[in-house]
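Note sheet for the following structure.
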Amino acid sequence: MAFRMSEQAYYVLLSLAEEPRHGYGIVQAVKAMSDDRVRLGAGTLYGILDRLVEAGYTEASGEIVVDGRVRRYYRLTPDGMAALTAETARLTDLASLARRVIAARPTSRPALGTA
Amino acid sequence: MRSLDRSAAFWLRAYPPAWRTQRADEVTAVLVDLAPDGARRLDARTALGLLRGGVATRWRLTPPLRVYLPYRMLDIRVPAQYREWVHQDIATPGAMRRNLTGRLWLFAFPIYNALTTDARDVTLVMWTVVGVALLATLLCVRPGFGVRRRLQHHAGTGSRVLGSSVWVRTSRARVSAGPGARVLVLLLAVGAVAWSAAAVLAPTRLGAVPCDAAGALACWETVVVERDSAALITAPIAAAALAGIAIAVAVHRRLGRHLADRPDQPARHLVGLAPHAGVGFTLWAGLIIAEAWAEATGAWVLSLSAVAAPACLLLLPAAVVVWLRSRTAPDLALVDLRHVAWTGRPVQVDRYDTELVPALAQESR
């Protein structure tokens, strides 16, 4: 099944592109990258991670125990990096298109329906 | 365990058991890190997120209905991509409940019939007997045995690796001859005594009468009639007992001929009866006695005991011979004695069994 790249999944891939992170690290990184706009809950995060692992975009890279609690680290795979690059290119093209459309818009025009 | 951990464990139950086995500790650590200091339980937003994630995970990991229903209702094998799911379905706690629940539809029509027809009481008693017999049989089977055979059927197809598990060769478990033969003798003895007594004492029997007064040969009706003579049943019972002794002599000779020089069994280990087999066999003995009692008192017409009594008497002497032989050779399996007694051929060498184990456990061996 094709992977559906949501904004949250994109942020998770982006956070893992910097370095391998554990679950809490990913949440913090996404929060920082989105200027506190995207706050991932555990349910959402692990739903995304499950789908990313299943698609072969990320993989577990090891685990450590801190204060008696397991922290499993995830890292991006080459396929994940390729997907991130492709999605970034798509967003860049979209942004370019949006800029062109906005720039071409006349600064003032008569409202429709007025005589 | 802290109360926050308990709260996390509660909400994580939304996820499938196999998923929890792998991820619960990790997710709990994240939930604890995300929770405010001093929190004693998860907040509503987090709990709802887990609930939604758990349902989505269950949905994502479960095969589509066109695959799920044939597997659940008819035990049909699933395509290769769902074998890991089947592995988890069979090998995780609750497998028997899921398996039986999936087959409830088999009983839907008979139970509906039982509740709506005139013979409601009789049908309910019959289904109760079937239920007790099923329970007794399940208690006699080792839990791991059924799991292994189902895994081999559903997930053992050529590939050595299945998800994070691998198939390994392992020795075959066989029930020791001593305990197995002892139980066989006890059940046959109970059946022989109870059903023979019922066959002799039963006050009623089945009879056939013509449908109409003219006595047309094409139409006969089965009715319950008074028992006139016991000779018709005592003669087959006596004949079965004599034939049973002749069979026992033949079995004794076969065992003497083939068990003296039996092969080594490197691919085998002997096990006792299942942990709750005693309860299972007691239930079976109770069912036999109850059925025989019903026929002997006329609550039920003479039927099963007319066949079961000769059958038990036919097999009982041979079973006693097998049991006596098992006492002199504790390294024998019940299957060896049965094979030699039944076929008259030498003991066969067991082949290795296969077992699915976690890959990490295999690496550490």
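If you're wondering about the labels, chains in the structure tokens are A, B, ... by order shown, residues count from 1 in each chain, ligands from 1 in order shown.
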Neighbours of chain B in chain A at 8 Å, counting only C-alpha atoms, as a PyMOL selection string: chain A and resi 23-24+41-44+46-47+69-72
Strand (DSSP E or B) positions in chain A, given as a VMD selection string: chain A and resid 21 to 22 58 to 66 69 to 76
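Our summary of the geometry notes that CA of Met33 in chain A is positioned 21.7 Å from CA of Glu59 in chain A.
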For range 331-339 of chain B: contacts at 7 Å, only C-alpha atoms, fewer than 2 positions along chain excluded, given as a list in words: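 The residues satisfying every condition are Arg174, Val175, Ser176, Ala177, Gly180, Ala181, Leu270, Val322, Ser326, Ala329, Ala341, Trp342, Thr343 and Val347 of chain B.
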Gap from CA of Pro275 in chain B to CA of Val147 in chain B - Å, one decimal: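 Value for the CA of Pro275 in chain B-CA of Val147 in chain B distance: 15.7 Å.
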Filtered DSSP result for chain A, state helix (DSSP H, G or I), as JSON, numbers by chain: {"A": [7, 8, 9, 10, 11, 12, 13, 14, 15, 16, 17, 18, 23, 24, 25, 26, 27, 28, 29, 30, 31, 32, 33, 42, 43, 44, 45, 46, 47, 48, 49, 50, 51, 52, 53, 54, 55, 78, 79, 80, 81, 82, 83, 84, 85, 86, 87, 88, 89, 90, 91, 92, 93, 94, 95, 96, 97, 98, 99, 100, 101, 102, 103, 104]}
Residue neighbourhood Glu18 in chain A, 10 Å, only C-alpha atoms, exclusion window fewer than 3 positions, as a VMD selection string: chain A and resid 13 to 15 21 29 75 to 76
